[in-house]
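What's in model_34.pdb: PDB, C-alpha atoms
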ATOM      1  CA  MET A  14      43.037 -27.438   9.347
ATOM      2  CA  ARG A  15      45.136 -24.426   8.221
ATOM      3  CA  SER A  16      48.390 -23.509  10.047
ATOM      4  CA  ARG A  17      48.635 -20.156  11.839
ATOM      5  CA  PRO A  18      50.804 -18.559   9.093
ATOM      6  CA  ALA A  19      48.370 -19.738   6.430
ATOM      7  CA  ARG A  20      45.409 -18.376   8.373
ATOM      8  CA  ALA A  21      47.246 -15.077   8.887
ATOM      9  CA  MET A  22      47.869 -14.770   5.137
ATOM     10  CA  LEU A  23      44.199 -15.565   4.472
ATOM     11  CA  LEU A  24      43.095 -12.840   6.870
ATOM     12  CA  LEU A  25      45.384 -10.304   5.180
ATOM     13  CA  ALA A  26      43.962 -11.282   1.785
ATOM     14  CA  LEU A  27      40.403 -10.859   3.034
ATOM     15  CA  VAL A  28      41.213  -7.430   4.440
ATOM     16  CA  ALA A  29      42.682  -6.421   1.090
ATOM     17  CA  LEU A  30      39.555  -7.478  -0.810
ATOM     18  CA  PRO A  31      36.869  -4.819  -1.486
ATOM     19  CA  THR A  32      34.050  -5.259   1.018
ATOM     20  CA  ALA A  33      30.354  -4.726   0.543
ATOM     21  CA  ALA A  34      30.685  -1.541   2.590
ATOM     22  CA  GLY A  35      33.440  -0.294   0.276
ATOM     23  CA  ALA A  36      31.611  -1.229  -2.923
ATOM     24  CA  LYS A  37      29.830   1.387  -4.961
ATOM     25  CA  ARG A  38      26.575   2.233  -3.226
ATOM     26  CA  PRO A  39      23.448   3.536  -4.890
ATOM     27  CA  LEU A  40      23.015   7.272  -4.666
ATOM     28  CA  PRO A  41      20.719   8.437  -1.862
ATOM     29  CA  PRO A  42      17.372   9.975  -2.832
ATOM     30  CA  THR A  43      17.725  13.614  -3.868
ATOM     31  CA  GLY A  44      15.492  16.535  -4.786
ATOM     32  CA  GLU A  45      11.730  16.817  -4.639
ATOM     33  CA  LEU A  46       8.990  15.471  -6.876
ATOM     34  CA  LEU A  47       5.984  17.826  -6.958
ATOM     35  CA  LEU A  48       2.672  16.255  -7.964
ATOM     36  CA  ASP A  49      -0.933  17.321  -8.424
ATOM     37  CA  MET A  50      -2.838  15.460  -5.711
ATOM     38  CA  ALA A  51      -5.880  15.166  -7.986
ATOM     39  CA  GLU A  52      -3.792  13.544 -10.757
ATOM     40  CA  PRO A  53      -0.379  12.455  -9.438
ATOM     41  CA  VAL A  54       1.054  11.142 -12.706
ATOM     42  CA  ILE A  55       4.634  10.878 -13.981
ATOM     43  CA  GLU A  56       5.794   9.961 -17.484
ATOM     44  CA  THR A  57       8.718   7.660 -18.164
ATOM     45  CA  LYS A  58       9.955   5.055 -20.650
ATOM     46  CA  ILE A  59      10.928   1.410 -20.526
ATOM     47  CA  GLY A  60      12.768   0.548 -23.702
ATOM     48  CA  ASP A  61      10.988   2.587 -26.365
ATOM     49  CA  VAL A  62       7.582   2.318 -24.645
ATOM     50  CA  LYS A  63       6.283   5.501 -23.061
ATOM     51  CA  LEU A  64       4.352   4.967 -19.846
ATOM     52  CA  ARG A  65       2.098   7.183 -17.766
ATOM     53  CA  LEU A  66       2.252   6.000 -14.154
ATOM     54  CA  ARG A  67       0.147   7.136 -11.226
ATOM     55  CA  VAL A  68       2.167   7.676  -8.056
ATOM     56  CA  ALA A  69       0.259   5.851  -5.317
ATOM     57  CA  LEU A  70       0.540   6.117  -1.546
ATOM     58  CA  ASP A  71      -0.765   2.558  -1.169
ATOM     59  CA  GLN A  72       1.316   0.773  -3.823
ATOM     60  CA  LYS A  73       4.294  -1.497  -3.082
ATOM     61  CA  ARG A  74       7.869  -0.775  -4.225
ATOM     62  CA  LEU A  75       7.164  -1.839  -7.788
ATOM     63  CA  ILE A  76       5.380  -0.796 -10.969
ATOM     64  CA  GLU A  77       1.974  -2.439 -11.397
ATOM     65  CA  LEU A  78       0.962  -2.427 -15.078
ATOM     66  CA  ASN A  79      -2.292  -2.837 -16.941
ATOM     67  CA  PRO A  80      -2.279  -5.887 -19.278
ATOM     68  CA  ASP A  81      -2.273  -3.717 -22.421
ATOM     69  CA  ALA A  82       0.919  -1.963 -21.238
ATOM     70  CA  VAL A  83       2.547  -5.388 -20.747
ATOM     71  CA  GLU A  84       1.652  -6.349 -24.317
ATOM     72  CA  ARG A  85       3.243  -3.148 -25.629
ATOM     73  CA  LEU A  86       6.434  -3.975 -23.725
ATOM     74  CA  LYS A  87       6.491  -7.531 -25.065
ATOM     75  CA  ALA A  88       6.253  -6.189 -28.629
ATOM     76  CA  ASP A  89       9.004  -3.611 -28.076
ATOM     77  CA  PRO A  90      12.417  -4.768 -29.435
ATOM     78  CA  PRO A  91      14.564  -3.121 -26.675
ATOM     79  CA  SER A  92      12.275  -4.618 -24.030
ATOM     80  CA  ARG A  93      12.989  -8.134 -25.250
ATOM     81  CA  ARG A  94      16.191  -8.019 -23.219
ATOM     82  CA  PHE A  95      14.045  -8.928 -20.223
ATOM     83  CA  ARG A  96      11.045 -11.202 -20.011
ATOM     84  CA  PHE A  97       8.002 -11.669 -17.847
ATOM     85  CA  GLU A  98       7.805 -14.823 -15.751
ATOM     86  CA  ASN A  99       5.226 -16.241 -13.370
ATOM     87  CA  GLY A 100       5.189 -14.460 -10.019
ATOM     88  CA  LEU A 101       3.494 -15.065  -6.696
ATOM     89  CA  ASP A 102      -0.285 -14.980  -6.402
ATOM     90  CA  ALA A 103      -1.799 -11.831  -4.961
ATOM     91  CA  TYR A 104      -4.896 -11.989  -2.790
ATOM     92  CA  VAL A 105      -7.766  -9.538  -2.951
ATOM     93  CA  GLY A 106      -9.373 -10.710   0.247
ATOM     94  CA  ARG A 107      -9.743 -14.421  -0.370
ATOM     95  CA  GLU A 108      -9.603 -14.123  -4.163
ATOM     96  CA  PRO A 109      -6.212 -15.246  -5.585
ATOM     97  CA  LEU A 110      -4.832 -13.533  -8.668
ATOM     98  CA  PRO A 111      -1.857 -15.053 -10.541
ATOM     99  CA  SER A 112       0.808 -12.574 -11.569
ATOM    100  CA  ILE A 113       3.664 -12.147 -13.996
ATOM    101  CA  GLU A 114       6.816 -10.208 -13.094
ATOM    102  CA  ALA A 115       9.953  -8.892 -14.750
ATOM    103  CA  THR A 116      13.024  -6.927 -13.734
ATOM    104  CA  ALA A 117      13.534  -4.013 -16.099
ATOM    105  CA  PRO A 118      15.834  -0.997 -16.453
ATOM    106  CA  ILE A 119      14.249   2.424 -16.056
ATOM    107  CA  LYS A 120      15.444   5.996 -15.641
ATOM    108  CA  LEU A 121      13.980   8.050 -12.780
ATOM    109  CA  ASN A 122      15.214  11.377 -11.424
ATOM    110  CA  GLY A 123      18.157  11.242 -13.823
ATOM    111  CA  ARG A 124      19.446   7.875 -12.638
ATOM    112  CA  LYS A 125      19.254   4.383 -14.056
ATOM    113  CA  MET A 126      17.550   1.777 -11.911
ATOM    114  CA  LEU A 127      16.402  -1.826 -12.059
ATOM    115  CA  VAL A 128      12.779  -2.147 -10.957
ATOM    116  CA  THR A 129      10.179  -4.868 -10.606
ATOM    117  CA  LEU A 130       7.311  -4.803 -13.106
ATOM    118  CA  SER A 131       4.172  -6.677 -12.112
ATOM    119  CA  SER A 132       0.811  -7.404 -13.716
ATOM    120  CA  HIS A 133      -2.118  -9.522 -12.568
ATOM    121  CA  GLY A 134      -4.023 -10.106 -15.804
ATOM    122  CA  ARG A 135      -6.709  -7.531 -15.007
ATOM    123  CA  PRO A 136      -6.754  -3.742 -15.383
ATOM    124  CA  CYS A 137      -5.361  -2.137 -12.258
ATOM    125  CA  CYS A 138      -5.352   1.553 -13.017
ATOM    126  CA  ALA A 139      -7.930   3.549 -14.995
ATOM    127  CA  GLY A 140      -6.690   6.415 -17.136
ATOM    128  CA  VAL A 141      -2.981   5.485 -16.912
ATOM    129  CA  ASP A 142      -0.690   2.616 -17.866
ATOM    130  CA  GLY A 143      -0.019   1.597 -14.285
ATOM    131  CA  GLU A 144       0.964   2.633 -10.778
ATOM    132  CA  ILE A 145       4.308   3.181  -9.094
ATOM    133  CA  GLY A 146       4.844   3.022  -5.322
ATOM    134  CA  ILE A 147       6.301   5.988  -3.473
ATOM    135  CA  GLY A 148       9.050   3.785  -2.036
ATOM    136  CA  LEU A 149      10.451   3.167  -5.518
ATOM    137  CA  LEU A 150      10.963   6.826  -6.418
ATOM    138  CA  PRO A 151      14.543   8.107  -5.793
ATOM    139  CA  TYR A 152      13.468  11.549  -4.548
ATOM    140  CA  ALA A 153      14.239  12.823  -1.051
ATOM    141  CA  THR A 154      10.690  14.183  -0.796
ATOM    142  CA  ILE A 155       7.505  13.545  -2.744
ATOM    143  CA  ARG A 156       4.981  16.348  -2.359
ATOM    144  CA  PHE A 157       1.330  16.019  -3.391
ATOM    145  CA  VAL A 158      -0.496  19.365  -3.542
ATOM    146  CA  ARG A 159      -4.200  19.986  -4.195
ATOM    147  CA  ALA A 160      -4.807  23.202  -6.133
ATOM    148  CA  GLY A 161      -7.572  25.458  -4.855
ATOM    149  CA  GLN A 162      -8.000  23.568  -1.581
ATOM    150  CA  ALA A 163      -8.773  25.587   1.539
ATOM    151  CA  PRO A 164      -5.736  25.961   3.827
ATOM    152  CA  ALA A 165      -5.260  23.058   6.198
ATOM    153  CA  ASP A 166      -6.151  23.595   9.844
ATOM    154  CA  ARG A 167      -4.425  20.438  11.125
ATOM    155  CA  SER A 168      -1.453  18.255  10.253
ATOM    156  CA  ALA A 169      -0.395  14.781  11.322
ATOM    157  CA  ASP A 170       2.765  12.692  10.854
ATOM    158  CA  PHE A 171       2.846   8.943  10.250
ATOM    159  CA  LEU A 172       5.901   6.682  10.264
ATOM    160  CA  ILE A 173       5.643   4.392   7.257
ATOM    161  CA  ASP A 174       6.641   0.733   7.169
ATOM    162  CA  ASP A 175       7.098   0.122   3.447
ATOM    163  CA  ASN A 176       7.109  -3.669   3.429
ATOM    164  CA  ASP A 177       6.998  -6.036   0.464
ATOM    165  CA  VAL A 178       3.824  -7.805   1.587
ATOM    166  CA  HIS A 179       1.298  -5.042   2.193
ATOM    167  CA  GLY A 180       2.958  -1.875   0.925
ATOM    168  CA  PRO A 181       3.519   1.445   2.724
ATOM    169  CA  GLN A 182       1.445   1.319   5.908
ATOM    170  CA  ALA A 183       1.446   3.098   9.257
ATOM    171  CA  SER A 184       0.621   1.633  12.666
ATOM    172  CA  VAL A 185      -1.755   3.600  14.917
ATOM    173  CA  PRO A 186      -3.012   2.771  18.425
ATOM    174  CA  VAL A 187      -6.599   1.735  19.137
ATOM    175  CA  GLY A 188      -6.965   1.454  22.889
ATOM    176  CA  ARG A 189      -4.398  -1.124  23.977
ATOM    177  CA  ARG A 190      -4.188  -2.566  20.479
ATOM    178  CA  SER A 191      -2.990  -1.188  17.179
ATOM    179  CA  ILE A 192      -4.142  -1.359  13.578
ATOM    180  CA  ASN A 193      -2.458  -0.641  10.264
ATOM    181  CA  ILE A 194      -3.366   2.256   7.990
ATOM    182  CA  LEU A 195      -3.028   2.614   4.243
ATOM    183  CA  PHE A 196      -3.722   5.950   2.556
ATOM    184  CA  SER A 197      -5.135   6.272  -0.943
ATOM    185  CA  LEU A 198      -5.599   9.261  -3.230
ATOM    186  CA  GLU A 199      -7.528   7.123  -5.723
ATOM    187  CA  ARG A 200      -9.923   4.716  -3.961
ATOM    188  CA  PRO A 201     -13.260   6.472  -3.406
ATOM    189  CA  GLU A 202     -14.242   5.002  -0.042
ATOM    190  CA  SER A 203     -12.537   4.091   3.209
ATOM    191  CA  PHE A 204     -12.970   0.535   4.471
ATOM    192  CA  ALA A 205     -11.636  -1.851   7.100
ATOM    193  CA  SER A 206     -10.604  -5.472   7.009
ATOM    194  CA  SER A 207     -12.577  -7.826   9.258
ATOM    195  CA  SER A 208      -9.888  -7.920  11.974
ATOM    196  CA  ALA A 209      -9.525  -4.126  12.023
ATOM    197  CA  GLY A 210     -13.302  -3.741  12.135
ATOM    198  CA  ALA A 211     -13.523  -6.082  15.125
ATOM    199  CA  ILE A 212     -10.810  -4.162  17.026
ATOM    200  CA  LEU A 213     -12.539  -0.832  16.320
ATOM    201  CA  ALA A 214     -15.956  -2.244  17.214
ATOM    202  CA  ARG A 215     -14.754  -3.437  20.616
ATOM    203  CA  GLU A 216     -13.100  -0.092  21.357
ATOM    204  CA  TYR A 217     -15.865   2.253  20.152
ATOM    205  CA  GLY A 218     -19.012   0.172  20.488
ATOM    206  CA  GLY A 219     -19.654  -0.824  16.893
ATOM    207  CA  LYS A 220     -22.464  -2.870  15.359
ATOM    208  CA  LEU A 221     -22.476  -4.547  11.937
ATOM    209  CA  THR A 222     -25.480  -3.790   9.713
ATOM    210  CA  ASP A 223     -26.442  -3.458   6.048
ATOM    211  CA  GLY A 224     -24.721  -6.158   4.032
ATOM    212  CA  GLY A 225     -23.633  -5.453   0.465
ATOM    213  CA  ARG A 226     -20.621  -5.520  -1.841
ATOM    214  CA  MET A 227     -17.827  -3.136  -2.798
ATOM    215  CA  VAL A 228     -15.342  -3.026  -5.677
ATOM    216  CA  ALA A 229     -11.831  -3.746  -4.405
ATOM    217  CA  ALA A 230      -8.507  -3.899  -6.260
ATOM    218  CA  PHE A 231      -8.504  -5.062  -9.901
ATOM    219  CA  GLY A 232     -12.282  -4.609 -10.093
ATOM    220  CA  ILE A 233     -12.990  -7.617  -7.848
ATOM    221  CA  GLU A 234     -16.141  -7.353  -5.733
ATOM    222  CA  ARG A 235     -15.963  -8.277  -2.056
ATOM    223  CA  PRO A 236     -18.781  -8.608   0.515
ATOM    224  CA  ILE A 237     -19.083  -5.864   3.124
ATOM    225  CA  SER A 238     -21.172  -4.878   6.106
ATOM    226  CA  MET A 239     -21.505  -1.376   7.526
ATOM    227  CA  LEU A 240     -19.967  -0.922  10.958
ATOM    228  CA  ARG A 241     -21.972   1.706  12.848
ATOM    229  CA  PHE A 242     -20.287   3.144  15.944
ATOM    230  CA  ARG A 243     -22.054   4.119  19.159
ATOM    231  CA  GLN A 244     -19.491   6.910  19.539
ATOM    232  CA  PRO A 245     -17.424   8.537  16.777
ATOM    233  CA  ALA A 246     -14.275   6.537  16.105
ATOM    234  CA  PRO A 247     -11.030   8.438  15.372
ATOM    235  CA  VAL A 248      -8.895   6.535  12.877
ATOM    236  CA  ALA A 249      -5.528   8.077  11.929
ATOM    237  CA  GLY A 250      -6.957  11.464  12.879
ATOM    238  CA  PHE A 251     -10.157  11.168  10.837
ATOM    239  CA  VAL A 252     -13.497  10.613  12.547
ATOM    240  CA  TYR A 253     -15.875   7.875  11.403
ATOM    241  CA  LYS A 254     -19.466   7.348  12.474
ATOM    242  CA  ASN A 255     -19.820   4.485   9.977
ATOM    243  CA  LEU A 256     -17.167   2.394   8.244
ATOM    244  CA  PRO A 257     -17.578  -0.341   5.599
ATOM    245  CA  VAL A 258     -15.961  -3.614   6.684
ATOM    246  CA  ARG A 259     -14.905  -6.414   4.350
ATOM    247  CA  THR A 260     -16.169  -9.035   6.769
ATOM    248  CA  ALA A 261     -14.881 -12.037   4.781
ATOM    249  CA  ASP A 262     -11.301 -10.763   4.526
ATOM    250  CA  PHE A 263      -8.274 -11.063   6.868
ATOM    251  CA  ALA A 264     -10.266 -11.834  10.008
ATOM    252  CA  GLY A 265      -7.795 -14.116  11.770
ATOM    253  CA  ARG A 266      -9.117 -14.800  15.273
ATOM    254  CA  GLU A 267     -10.525 -11.321  15.862
ATOM    255  CA  GLU A 268     -14.250 -11.425  16.648
ATOM    256  CA  PHE A 269     -16.868  -8.704  16.762
ATOM    257  CA  PRO A 270     -18.543  -8.048  20.119
ATOM    258  CA  SER A 271     -22.013  -9.456  20.655
ATOM    259  CA  ASP A 272     -24.859  -7.047  20.031
ATOM    260  CA  PRO A 273     -26.147  -5.742  23.405
ATOM    261  CA  ASP A 274     -29.543  -5.069  21.798
ATOM    262  CA  ASP A 275     -29.848  -8.756  20.825
ATOM    263  CA  PRO A 276     -28.081 -10.701  23.604
ATOM    264  CA  ASP A 277     -29.766 -13.960  22.634
ATOM    265  CA  ASP A 278     -28.954 -13.632  18.939
ATOM    266  CA  ILE A 279     -27.207 -16.729  17.564
ATOM    267  CA  VAL A 280     -24.574 -16.220  14.892
ATOM    268  CA  VAL A 281     -23.898 -19.164  12.585
ATOM    269  CA  LYS A 282     -20.406 -19.040  11.075
ATOM    270  CA  ARG A 283     -19.355 -20.783   7.885
ATOM    271  CA  ARG A 284     -16.541 -23.288   8.221
ATOM    272  CA  VAL A 285     -13.833 -21.869   5.985
ATOM    273  CA  LYS A 286     -10.059 -22.070   6.099
ATOM    274  CA  GLN A 287      -8.685 -19.598   8.609
ATOM    275  CA  GLN A 288      -7.130 -16.542   6.949
ATOM    276  CA  ASP A 289      -4.360 -14.653   8.724
ATOM    277  CA  ALA A 290      -5.424 -11.438  10.410
ATOM    278  CA  TRP A 291      -4.399  -8.205   8.756
ATOM    279  CA  PRO A 292      -6.008  -5.426  10.815
ATOM    280  CA  VAL A 293      -5.938  -2.602   8.283
ATOM    281  CA  VAL A 294      -8.047   0.424   7.438
ATOM    282  CA  MET A 295      -7.755   1.963   3.999
ATOM    283  CA  ILE A 296      -8.267   5.726   4.271
ATOM    284  CA  GLY A 297      -9.894   6.625   0.963
ATOM    285  CA  ARG A 298     -10.824   9.791  -0.884
ATOM    286  CA  ASP A 299     -13.867  10.316   1.340
ATOM    287  CA  ARG A 300     -11.225  11.585   3.799
ATOM    288  CA  THR A 301      -8.042  12.330   1.812
ATOM    289  CA  ASP A 302      -9.937  14.759  -0.446
ATOM    290  CA  ARG A 303      -9.956  17.034   2.618
ATOM    291  CA  CYS A 304      -6.170  17.250   2.446
ATOM    292  CA  SER A 305      -4.400  20.118   0.729
ATOM    293  CA  GLU A 306      -0.985  18.455   0.938
ATOM    294  CA  ALA A 307       0.668  15.100   1.520
ATOM    295  CA  LEU A 308       4.439  15.117   1.962
ATOM    296  CA  TYR A 309       6.440  11.896   1.975
ATOM    297  CA  ASP A 310       9.982  12.043   3.337
ATOM    298  CA  THR A 311      11.674   9.107   1.612
ATOM    299  CA  ILE A 312      14.711   9.064   3.883
ATOM    300  CA  ALA A 313      12.834   9.345   7.193
ATOM    301  CA  LYS A 314       9.929   7.237   5.818
ATOM    302  CA  ARG A 315       7.492   9.776   7.239
ATOM    303  CA  LEU A 316       4.192  10.861   5.694
ATOM    304  CA  THR A 317       2.799  14.256   6.704
ATOM    305  CA  LEU A 318      -0.846  15.053   5.932
ATOM    306  CA  ARG A 319      -2.148  18.601   6.048
ATOM    307  CA  CYS A 320      -5.929  18.539   6.001
ATOM    308  CA  SER A 321      -9.152  20.153   7.119
ATOM    309  CA  GLY A 322     -11.080  18.166   9.687
ATOM    310  CA  ILE A 323      -8.170  16.085  10.952
ATOM    311  CA  LEU A 324      -7.841  15.723  14.711
ATOM    312  CA  ASP A 325      -4.798  16.442  16.844
TER     313      ASP A 325
END

For the file at hand, write its structure as structure tokens.
Amino acid sequence: MRSRPARAMLLLALVALPTAAGAKRPLPPTGELLLDMAEPVIETKIGDVKLRLRVALDQKRLIELNPDAVERLKADPPSRRFRFENGLDAYVGREPLPSIEATAPIKLNGRKMLVTLSSHGRPCCAGVDGEIGIGLLPYATIRFVRAGQAPADRSADFLIDDNDVHGPQASVPVGRRSINILFSLERPESFASSSAGAILAREYGGKLTDGGRMVAAFGIERPISMLRFRQPAPVAGFVYKNLPVRTADFAGREEFPSDPDDPDDIVVKRRVKQQDAWPVVMIGRDRTDRCSEALYDTIAKRLTLRCSGILD
């Protein structure tokens, strides 16, 4: 045990040391990045490899690369200063995808940064080398504008939780519950996870019909059913009469209401390992194409949509 004088000297030494608060902090986001909503692409370099990256509202704080872009980086002499290693599996519904990851230097908005590169062995992004999440860009505002779009008649603000697990999502109320919302400027069709579909069905009188399949991330097909509402369902300001539901994905313990038209109908459920609930609706281009502008405030973490046909 130290004596009082020794402890006093130790305290003085600690005070004299530079603290984390006094250390050099990264610069805050500055300026504005203006993008074409129909093709929100930036160009940058890692090492000597030029990359075209789509800026995505639904991507995590990383750069997701197509496999061919990864191979170009591996063959690039300056890029050999970092290497790809095995990362955590990603899940598209119940389908696991192994990943590789690397930490690489990159220059964005005139500043040098270290970013996470990720790839999952399958093409992620048609027409570009990869995607970059809005939370990774060091701009104070990121503005997506659609040329030639009719002026918006409504606007809505969403507080964004940009977490490492699911990416930049908003929480919106549904009755006494809430669901998560992701917005996409690339995916053609809106859809709901099983748990989100069940919550919406209970609130707005929904019935599952018409089984089929849809193409999800990385070109993986997932089973769906169409959720048909007895009354129009407002979701993040957009109205849905029908909504595809990936019924096998992220159900948790949320269950769909029994069909009042078939009260004696017996539903046989497969015994599969319980998957955690993730009640999320992806708002796709079937709705976001109505928007003339999307403005993301990086500091406030607020997304503002200005659209036609969006509710108050």

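Among the candidate residues A:Val228, A:Val83, A:Leu150, A:Val294, the one lying nearest to Val185 of chain A is A:Val294, with distances computed using all atoms listed in the file.
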
Counting only C-alpha atoms, which residue out of A:Leu221, A:Leu75, A:Met227, A:Ile145 sits closest to Val54 of chain A? A:Ile145

Just the number, please: distance in Å from atom CA of Thr129 of chain A to atom CA of Tyr104 of chain A, one decimal.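 Between atom CA of Thr129 of chain A and atom CA of Tyr104 of chain A the gap is 18.4 Å.
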
I would like the residues chosen by the PyMOL selection byres ((chain A and resi 124) around 12) on the shown file; could you give them as a short mmCIF file (atom, residue, chain, number, x, y, z; two decimals) with C-alpha atoms, in the coordinates of the input?
data_model
loop_
_atom_site.label_atom_id
_atom_site.label_comp_id
_atom_site.auth_asym_id
_atom_site.auth_seq_id
_atom_site.Cartn_x
_atom_site.Cartn_y
_atom_site.Cartn_z
CA PRO A 39 23.45 3.54 -4.89
CA LEU A 40 23.02 7.27 -4.67
CA PRO A 41 20.72 8.44 -1.86
CA PRO A 42 17.37 9.98 -2.83
CA THR A 43 17.73 13.61 -3.87
CA PRO A 118 15.83 -1.00 -16.45
CA ILE A 119 14.25 2.42 -16.06
CA LYS A 120 15.44 6.00 -15.64
CA LEU A 121 13.98 8.05 -12.78
CA ASN A 122 15.21 11.38 -11.42
CA GLY A 123 18.16 11.24 -13.82
CA LYS A 125 19.25 4.38 -14.06
CA MET A 126 17.55 1.78 -11.91
CA LEU A 127 16.40 -1.83 -12.06
CA LEU A 150 10.96 6.83 -6.42
CA PRO A 151 14.54 8.11 -5.79
CA TYR A 152 13.47 11.55 -4.55
#

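Residues in contact range of Arg135 of chain A, defined as at most 7 Å between all atoms listed in the file, with sequence neighbours fewer than 2 positions away removed, read Asn79, Pro80, His133, Cys137 and Phe231 of chain A.
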
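If you measure from each of A:Thr301, A:Gly250, A:Glu45, A:Glu52 to Ala169 of chain A using only C-alpha atoms, the closest one turns out to be A:Gly250.
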